[in-house]
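Text of work_13.txt, listed as compact mmCIF, C-alpha atoms:
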```txt
# COMPACT_ATOMS: atom_id res chain seq x y z
CA MET A 12 49.25 152.51 58.98
CA LEU A 13 52.08 153.37 61.36
CA ASP A 14 55.60 152.96 60.00
CA ILE A 15 57.66 152.00 63.03
CA ASP A 16 60.98 152.32 61.17
CA ILE A 17 61.36 155.98 62.13
CA MET A 18 60.84 155.27 65.82
CA MET A 19 63.16 152.28 65.55
CA ALA A 20 65.92 154.54 64.29
CA VAL A 21 65.28 157.01 67.11
CA SER A 22 65.34 154.27 69.75
CA GLN A 23 68.81 153.12 68.70
CA VAL A 24 70.54 156.44 69.31
CA GLU A 25 73.87 155.87 71.07
CA GLN A 26 74.61 157.39 74.45
CA GLU A 27 77.10 159.88 73.06
CA ASP A 28 74.40 161.20 70.70
CA LEU A 29 71.69 161.76 73.31
CA THR A 30 71.62 165.46 72.52
CA VAL A 31 69.44 164.59 69.53
CA PHE A 32 66.55 164.28 71.99
CA SER A 33 66.87 167.99 72.71
CA LYS A 34 65.54 168.69 69.22
CA LEU A 35 61.91 169.74 69.11
CA SER A 36 61.14 167.45 66.16
CA ILE A 37 62.37 164.33 68.00
CA LYS A 38 60.50 165.34 71.14
CA GLY A 39 57.35 165.74 69.08
CA ILE A 40 57.69 162.33 67.40
CA VAL A 41 58.19 160.49 70.69
CA HIS A 42 55.50 162.43 72.54
CA CYS A 43 52.93 161.99 69.78
CA LEU A 44 53.31 158.21 69.50
CA TRP A 45 53.54 157.72 73.26
CA SER A 46 50.53 159.86 74.16
CA ASN A 47 48.22 158.72 71.37
CA LEU A 48 48.96 155.01 71.20
CA ILE A 49 51.50 153.50 73.60
CA GLU A 50 50.80 155.12 76.96
CA SER A 51 47.56 153.19 77.49
CA VAL A 52 49.38 149.94 76.67
CA TRP A 53 52.13 150.80 79.15
CA MET A 54 49.57 151.59 81.86
CA ALA A 55 47.76 148.30 81.24
CA SER A 56 51.04 146.38 81.32
CA LEU A 57 52.08 148.04 84.58
CA LEU A 58 48.66 147.27 86.06
CA PHE A 59 48.94 143.61 85.04
CA HIS A 60 52.37 143.29 86.63
CA MET A 61 51.16 144.94 89.84
CA VAL A 62 48.15 142.61 90.03
CA GLU A 63 50.43 139.60 89.49
CA LEU A 64 52.77 140.89 92.18
CA PHE A 65 49.82 141.24 94.54
CA ALA A 66 48.76 137.67 93.70
CA PHE A 67 52.22 136.31 94.53
CA ILE A 68 52.37 138.26 97.79
CA TRP A 69 48.88 137.16 98.81
CA TRP A 70 49.68 133.55 97.93
CA GLY A 71 52.92 133.61 99.91
CA LEU A 72 51.46 135.29 102.99
CA SER A 73 48.33 133.10 103.04
CA GLY A 74 50.28 129.86 103.31
CA GLU A 75 48.28 126.79 104.20
CA THR A 76 45.00 128.70 104.43
CA HIS A 77 44.71 127.98 100.70
CA MET A 78 43.82 124.42 101.64
CA ARG A 79 40.63 125.49 103.34
CA GLU A 80 37.50 124.99 101.31
CA ASP A 81 36.32 128.59 101.67
CA HIS A 82 39.53 129.80 100.01
CA SER A 83 39.29 127.55 96.96
CA SER A 84 37.79 130.22 94.69
CA LEU A 85 40.40 132.77 95.73
CA THR A 86 43.12 130.20 95.14
CA ALA A 87 41.83 129.58 91.64
CA VAL A 88 41.74 133.30 90.85
CA LEU A 89 45.29 133.82 92.13
CA TRP A 90 46.61 130.85 90.17
CA ILE A 91 44.89 132.06 87.00
CA ILE A 92 46.38 135.55 87.42
CA MET A 93 49.91 134.23 87.91
CA THR A 94 49.71 131.67 85.11
CA GLY A 95 47.99 134.06 82.75
CA GLY A 96 50.69 136.65 83.33
CA GLY A 97 53.46 134.22 82.39
CA LEU A 98 51.60 133.02 79.31
CA ARG A 99 50.89 136.60 78.27
CA GLU A 100 54.59 137.42 78.34
CA LEU A 101 55.48 134.36 76.26
CA ILE A 102 52.76 135.12 73.71
CA GLN A 103 53.91 138.72 73.40
CA LEU A 104 57.49 137.54 72.92
CA GLY A 105 56.28 135.32 70.09
CA ILE A 106 54.41 138.23 68.49
CA LEU A 107 57.48 140.42 68.91
CA GLY A 108 59.69 137.86 67.19
CA TYR A 109 57.21 137.44 64.34
CA ASN A 110 56.87 141.19 63.72
CA TRP A 111 60.61 141.72 64.05
CA HIS A 112 61.31 139.04 61.45
CA LYS A 113 58.58 140.44 59.22
CA LYS A 114 60.04 143.94 59.34
CA ARG A 115 63.57 142.73 58.67
CA SER A 116 62.50 140.54 55.77
CA ALA A 117 60.66 143.45 54.18
CA HIS A 118 63.88 145.46 53.87
CA HIS A 119 66.61 144.77 51.32
CA ASP A 120 68.78 147.77 52.09
CA PHE A 121 71.82 146.92 54.22
CA THR A 122 71.29 149.83 56.60
CA MET A 123 67.67 148.95 57.31
CA ARG A 124 68.42 145.25 57.75
CA SER A 125 71.23 146.13 60.15
CA MET A 126 68.82 148.22 62.18
CA TRP A 127 66.49 145.22 62.47
CA ASP A 128 69.28 142.74 63.20
CA TYR A 129 68.31 139.78 65.38
CA ARG A 130 71.32 140.42 67.62
CA SER A 131 70.29 144.00 68.27
CA LYS A 132 70.87 145.15 71.83
CA LEU A 133 67.32 146.48 71.89
CA ILE A 134 65.68 143.09 71.36
CA THR A 135 68.11 141.04 73.45
CA THR A 136 67.84 143.29 76.50
CA TRP A 137 64.06 143.12 76.19
CA CYS A 138 63.58 139.42 75.43
CA MET A 139 66.02 137.74 77.79
CA PRO A 140 64.77 139.27 81.09
CA THR A 141 61.15 138.87 79.98
CA LEU A 142 61.69 135.22 79.07
CA VAL A 143 63.48 134.44 82.34
CA LEU A 144 60.77 136.05 84.45
CA ALA A 145 57.99 134.31 82.51
CA MET A 146 59.65 130.90 82.89
CA ILE A 147 60.16 131.40 86.63
CA GLN A 148 56.54 132.48 86.98
CA LEU A 149 55.19 129.51 85.03
CA GLY A 150 57.57 127.16 86.81
CA PHE A 151 56.09 128.15 90.14
CA THR A 152 52.47 127.87 89.01
CA TYR A 153 53.14 124.50 87.38
CA GLY A 154 54.73 123.24 90.58
CA ALA A 155 51.81 124.52 92.64
CA ILE A 156 49.22 122.57 90.66
CA SER A 157 51.31 119.48 89.94
CA HIS A 158 51.98 118.91 93.64
CA GLN A 159 48.25 118.94 94.30
CA GLN A 160 48.95 121.27 97.21
CA LEU A 161 48.14 124.86 96.52
CA PHE A 162 50.79 126.56 98.59
CA ALA A 163 54.56 126.77 98.43
CA HIS A 164 55.52 123.79 100.57
CA SER A 165 58.97 122.97 99.21
CA GLU A 166 62.21 124.90 99.18
CA GLU A 167 62.10 125.09 95.38
CA ASP A 168 58.60 126.59 95.49
CA HIS A 169 59.70 129.19 98.01
CA MET A 170 62.75 130.06 95.93
CA LEU A 171 60.65 130.54 92.79
CA MET A 172 58.06 132.59 94.66
CA VAL A 173 60.65 134.87 96.26
CA SER A 174 62.33 135.31 92.87
CA CYS A 175 59.02 136.28 91.29
CA VAL A 176 58.21 138.78 94.04
CA LEU A 177 61.63 140.43 93.83
CA LEU A 178 61.77 140.52 90.03
CA LYS A 179 58.19 141.74 89.69
CA SER A 180 58.80 144.46 92.27
CA TRP A 181 61.94 145.65 90.49
CA LEU A 182 60.16 145.51 87.14
CA CYS A 183 57.28 147.67 88.40
CA ILE A 184 59.71 150.20 89.85
CA TYR A 185 61.71 150.24 86.62
CA MET A 186 58.58 150.72 84.51
CA VAL A 187 57.58 153.77 86.56
CA ARG A 188 60.57 155.59 85.04
CA LEU A 189 58.45 156.08 81.90
CA HIS A 190 56.12 158.37 83.85
CA THR A 191 57.08 161.96 84.52
CA SER A 192 57.04 161.28 88.26
CA GLY A 193 59.71 158.59 87.87
CA VAL A 194 62.21 160.53 85.79
CA ARG A 195 64.87 160.40 88.52
CA ILE A 196 65.01 156.62 88.22
CA HIS A 197 66.94 157.17 84.98
CA ALA A 198 69.64 159.11 86.81
CA ILE A 199 69.87 156.52 89.59
CA SER A 200 70.07 153.50 87.26
CA SER A 201 72.43 155.19 84.80
CA SER A 202 74.74 156.17 87.66
CA LEU A 203 74.80 152.61 88.97
CA LEU A 204 75.60 151.29 85.50
CA GLY A 205 78.15 153.98 84.72
CA ALA A 206 81.66 152.93 83.73
CA ALA A 207 83.33 154.55 86.74
CA THR A 208 80.86 153.01 89.19
CA LYS A 209 81.27 149.53 87.71
CA GLN A 210 85.04 149.82 87.82
CA MET A 211 84.95 150.88 91.46
CA ILE A 212 82.66 147.98 92.36
CA VAL A 213 84.98 145.51 90.62
CA ILE A 214 87.98 146.93 92.48
CA THR A 215 86.08 146.70 95.77
CA LEU A 216 85.17 143.07 95.13
CA MET A 217 88.78 142.25 94.31
CA ILE A 218 90.03 143.86 97.52
CA PHE A 219 87.31 142.14 99.54
CA ALA A 220 88.24 138.79 97.97
CA SER A 221 91.90 139.28 98.91
CA PHE A 222 91.09 139.93 102.57
CA SER A 223 88.56 137.08 102.61
CA LEU A 224 91.20 134.66 101.34
CA ALA A 225 93.57 135.88 104.04
CA PHE A 226 90.91 135.27 106.69
CA LEU A 227 90.25 131.77 105.33
CA ILE A 228 93.95 130.93 105.55
CA VAL A 229 94.35 132.28 109.08
CA ALA A 230 91.10 130.83 110.44
CA LYS A 231 92.09 127.19 110.09
CA GLY A 232 89.42 124.70 111.07
CA LYS A 233 86.61 127.26 110.82
CA ASP A 234 83.67 126.82 108.49
CA HIS A 235 84.36 128.73 105.28
CA GLY A 236 80.84 130.09 105.04
CA TRP A 237 81.03 131.39 108.60
CA VAL A 238 84.36 133.11 107.89
CA LEU A 239 83.12 134.72 104.66
CA ALA A 240 79.87 135.89 106.30
CA SER A 241 81.85 137.41 109.17
CA ALA A 242 84.20 139.13 106.70
CA TYR A 243 81.22 140.51 104.80
CA ARG A 244 79.62 141.90 107.95
CA GLY A 245 82.85 143.17 109.43
CA LEU A 246 84.56 144.72 106.43
CA LEU A 247 81.61 146.18 104.52
CA PHE A 248 79.32 147.14 107.41
CA HIS A 249 81.74 147.33 110.35
CA ASP A 250 79.38 145.00 112.21
CA GLY A 251 80.43 144.23 115.78
CA ASN A 252 79.73 140.50 115.65
CA GLY A 253 81.59 140.17 112.37
CA LEU A 254 84.63 141.92 113.83
CA ASP A 255 84.41 139.80 117.00
CA ASN A 256 84.46 136.60 114.96
CA LEU A 257 87.62 137.68 113.15
CA GLY A 258 89.89 138.51 116.05
CA LEU A 259 88.59 141.84 117.34
CA ASN A 260 86.52 140.64 120.27
CA VAL A 261 86.93 143.40 122.86
CA HIS A 262 85.03 141.73 125.70
CA GLU A 263 87.23 141.70 128.77
CA ASP A 264 87.18 137.94 129.23
CA MET A 265 87.67 137.22 125.50
CA PHE A 266 90.21 139.81 124.40
CA GLU A 267 93.26 137.76 125.39
CA LYS A 268 91.96 134.80 123.37
CA ASN A 269 92.00 136.74 120.10
CA ASP A 270 94.34 135.43 117.42
CA ILE A 271 97.05 138.08 116.93
CA LEU A 272 97.48 137.43 113.21
CA MET A 273 93.72 137.43 112.66
CA MET A 274 93.42 140.67 114.63
CA THR A 275 96.14 142.31 112.55
CA VAL A 276 94.53 141.36 109.24
CA ASN A 277 91.15 142.50 110.55
CA LEU A 278 92.50 145.86 111.71
CA ILE A 279 94.10 146.53 108.34
CA GLY A 280 91.07 145.35 106.37
CA SER A 281 88.38 147.12 108.39
CA THR A 282 90.34 150.37 108.49
CA PHE A 283 91.06 150.24 104.75
CA PHE A 284 87.45 149.47 103.83
CA ASN A 285 85.63 151.86 106.14
CA ILE A 286 87.92 154.85 105.69
CA ILE A 287 89.07 154.54 102.09
CA VAL A 288 87.09 152.12 99.93
CA LEU A 289 83.53 152.92 101.03
CA ASN A 290 84.16 156.66 100.84
CA LEU A 291 85.61 156.23 97.37
CA ILE A 292 82.48 154.35 96.28
CA ILE A 293 80.30 157.17 97.59
CA ALA A 294 82.45 159.79 95.87
CA VAL A 295 82.50 157.95 92.53
CA TYR A 296 78.74 157.34 92.55
CA SER A 297 78.03 160.96 93.51
CA ASN A 298 80.22 162.16 90.67
CA GLU A 299 78.44 159.83 88.23
CA TYR A 300 75.03 160.99 89.44
CA ASP A 301 75.98 164.66 89.06
CA ARG A 302 77.16 163.96 85.53
CA VAL A 303 74.10 161.95 84.49
CA GLN A 304 71.33 164.00 86.06
CA HIS A 305 71.76 166.74 83.45
CA GLN A 306 70.95 164.16 80.77
CA THR A 307 67.86 162.80 82.52
CA PRO A 308 65.37 164.33 80.03
CA GLN A 309 67.27 162.69 77.16
CA TYR A 310 67.34 159.30 78.90
CA PHE A 311 63.62 159.69 79.58
CA LEU A 312 62.78 160.25 75.91
CA LEU A 313 65.11 157.46 74.79
CA ALA A 314 63.40 155.00 77.14
CA ARG A 315 59.98 156.03 75.85
CA ALA A 316 61.16 155.62 72.26
CA LYS A 317 62.38 152.09 73.00
CA TYR A 318 59.14 151.14 74.72
CA CYS A 319 57.14 152.57 71.82
CA VAL A 320 58.92 150.20 69.46
CA MET A 321 58.78 147.13 71.67
CA TYR A 322 55.18 147.56 72.82
CA TYR A 323 54.03 148.19 69.27
CA LEU A 324 55.78 145.08 67.97
CA SER A 325 54.70 142.96 70.96
CA CYS A 326 51.01 143.83 70.73
CA SER A 327 50.49 144.33 67.00
CA LEU A 328 48.98 141.06 65.78
CA VAL A 329 45.44 141.76 64.66
CA GLY A 330 45.03 144.91 62.62
CA TRP A 331 42.41 147.54 63.31
CA HIS A 332 39.00 146.44 62.02
CA GLY A 333 36.79 148.96 63.75
CA ALA A 334 35.36 149.53 67.22
CA ASP A 335 32.92 146.62 66.99
CA PHE A 336 35.70 144.14 66.29
CA GLN A 337 37.69 145.53 69.21
CA SER A 338 34.68 145.13 71.52
CA ALA A 339 34.27 141.54 70.33
CA LEU A 340 37.90 140.79 71.21
CA ARG A 341 37.43 142.23 74.68
CA LEU A 342 34.28 140.17 75.16
CA ALA A 343 36.09 137.02 74.04
CA SER A 344 38.93 137.66 76.50
CA GLY A 345 36.43 138.16 79.32
CA VAL A 346 34.63 134.93 78.48
CA GLY A 347 37.95 133.08 78.35
CA ALA A 348 38.90 134.38 81.79
CA ALA A 349 35.51 133.37 83.20
CA LEU A 350 35.78 129.84 81.75
CA SER A 351 39.28 129.37 83.17
CA LEU A 352 37.98 129.46 86.76
CA PRO A 353 35.83 126.29 86.62
CA LEU A 354 38.49 124.63 84.47
CA PHE A 355 41.09 125.16 87.16
CA ARG A 356 38.79 123.96 89.92
CA SER A 357 38.09 120.79 87.96
CA LEU A 358 41.84 120.04 87.94
CA LYS A 359 42.13 120.14 91.71
```
Final structure tokens representation of the file:
Amino acid sequence: MLDIDIMMAVSQVEQEDLTVFSKLSIKGIVHCLWSNLIESVWMASLLFHMVELFAFIWWGLSGETHMREDHSSLTAVLWIIMTGGGLRELIQLGILGYNWHKKRSAHHDFTMRSMWDYRSKLITTWCMPTLVLAMIQLGFTYGAISHQQLFAHSEEDHMLMVSCVLLKSWLCIYMVRLHTSGVRIHAISSSLLGAATKQMIVITLMIFASFSLAFLIVAKGKDHGWVLASAYRGLLFHDGNGLDNLGLNVHEDMFEKNDILMMTVNLIGSTFFNIIVLNLIIAVYSNEYDRVQHQTPQYFLLARAKYCVMYYLSCSLVGWHGADFQSALRLASGVGAALSLPLFRSLK
């Protein structure tokens, strides 16, 4: 029986100690567990998420054609895929919580119990995003069937569907980082989340907020949303329409109508942003990327170690009872999926 405690300890290595993943013994532990047990689970999970993403995209692009009789079977299949995906995530979270509690309760040593603490960053960063995505997914599918109209007809439905498509897409991209072809994703994400990059983004937002407030004060009587959108387009992207709206309209018949104070604030803000701030952001991010890319192999192994722990705990419910028992479970899941189709159609 696999003792996951060793991998749990490896997965909680701090960033300043990433050099431990350069050791051959640690590489061997992670590679052995990943290749022999977890990789197939990861591939299946990625496939499920991609199929669910395809279902959401197909549902959204099909629109009212779902109401046609010849699309009823396809509608049922899509709804089952989306609902089943959300339920699968919730069930796996329940299994994860059960196994986590079981492992923690089995230890009486302070160090081991601390490693399996319920407030561990490992479990919180895994559970919270998974729970949010599952609830959004199930919220959409519940709304689709409760409205008795099998397409996103309300603004809330569209919002939930768009959220699912975006989050599923990002999740699939993020999961690819566990494959050797997606190693560079670690460098990109770590650079974006680096301390220097986050500080620069906060400073940029503060400067943008100061100029936006100045525009709101000067542009009396204008809609606040219109002013902020123009500031966003003008300051961050140097967009012509955004600059025109904020006092830099250079058309011959409109130039004399520009507000002098607005023009002055716009000139200072656009010059400051496009020459100084944006170039600083590029420089800071480039420096962070150069620093992180040398640690990409370590980040890669750390991510695999974390997924080994979480996948093992999320999927380990029924112990191994032989190949025949495994085949019976697969047959039962197939029968359940087949029975869900007529059940859904009977609810229409």
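Distances from A:Leu171, A:Ile218, A:Val261, A:Leu328 to Ser281 in chain A were compared using all atoms listed in the file, and the smallest one belongs to A:Ile218.
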request  = Work out how far CA of Tyr310 in chain A is from CA of Ala145 in chain A, in Å to one decimal.
outcome  =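 Between CA of Ala145 in chain A and CA of Tyr310 in chain A the gap is 26.9 Å.
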### Query
Suppose you want the space between CA of Ile106 in chain A and CA of Thr152 in chain A; what is it in Å?
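The value is 23.1 Å.
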Give me, as a PyMOL selection string, all polymer residues having an atom no more than 9 Å from Leu64 in chain A, counting all atoms listed in the file and skipping those fewer than 4 positions away in the same chain. chain A and resi 59-60+68-69+93+175-176+179-180+183
- [ ] Counting all atoms listed in the file, select every polymer residue within 12 Å of (78.5, 137.2, 106.2) as defined in the file's coordinates, and provide the selection as a count of residues only.
- [x] 23
With 3 Å added on each side, what axis-aligned box encloses every listed atom of range 317-320 of chain A? Give the centre and edge lengths in Å to one decimal, as lines of an AutoDock Vina configuration file.
```
center_x = 59.8
center_y = 151.4
center_z = 72.1
size_x = 11.2
size_y = 8.4
size_z = 11.3
```
Requested in this report: Find the residues around Thr208 in chain A up to 12 Å (all atoms listed in the file counted), leave out those fewer than 4 positions away in its own chain, and share them as a ChimeraX atom specification.
Outcome: /A:199-204,212-215,291-300
Taking 4 positions as the minimum chain separation for residues in the same chain, which residues sit within 10 Å of Ile40 in chain A when counting all atoms listed in the file? Answer as an mmCIF file with C-alpha atoms, in the coordinates of the input.
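Resulting contents of selection_3.cif:
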```cif
data_model
loop_
_atom_site.group_PDB
_atom_site.id
_atom_site.type_symbol
_atom_site.label_atom_id
_atom_site.label_comp_id
_atom_site.auth_asym_id
_atom_site.auth_seq_id
_atom_site.Cartn_x
_atom_site.Cartn_y
_atom_site.Cartn_z
ATOM 1 C CA ILE A 17 61.360 155.980 62.130
ATOM 2 C CA MET A 18 60.840 155.270 65.820
ATOM 3 C CA VAL A 21 65.280 157.010 67.110
ATOM 4 C CA LEU A 35 61.910 169.740 69.110
ATOM 5 C CA SER A 36 61.140 167.450 66.160
ATOM 6 C CA LEU A 44 53.310 158.210 69.500
ATOM 7 C CA TRP A 45 53.540 157.720 73.260
ATOM 8 C CA ALA A 316 61.160 155.620 72.260
#
```
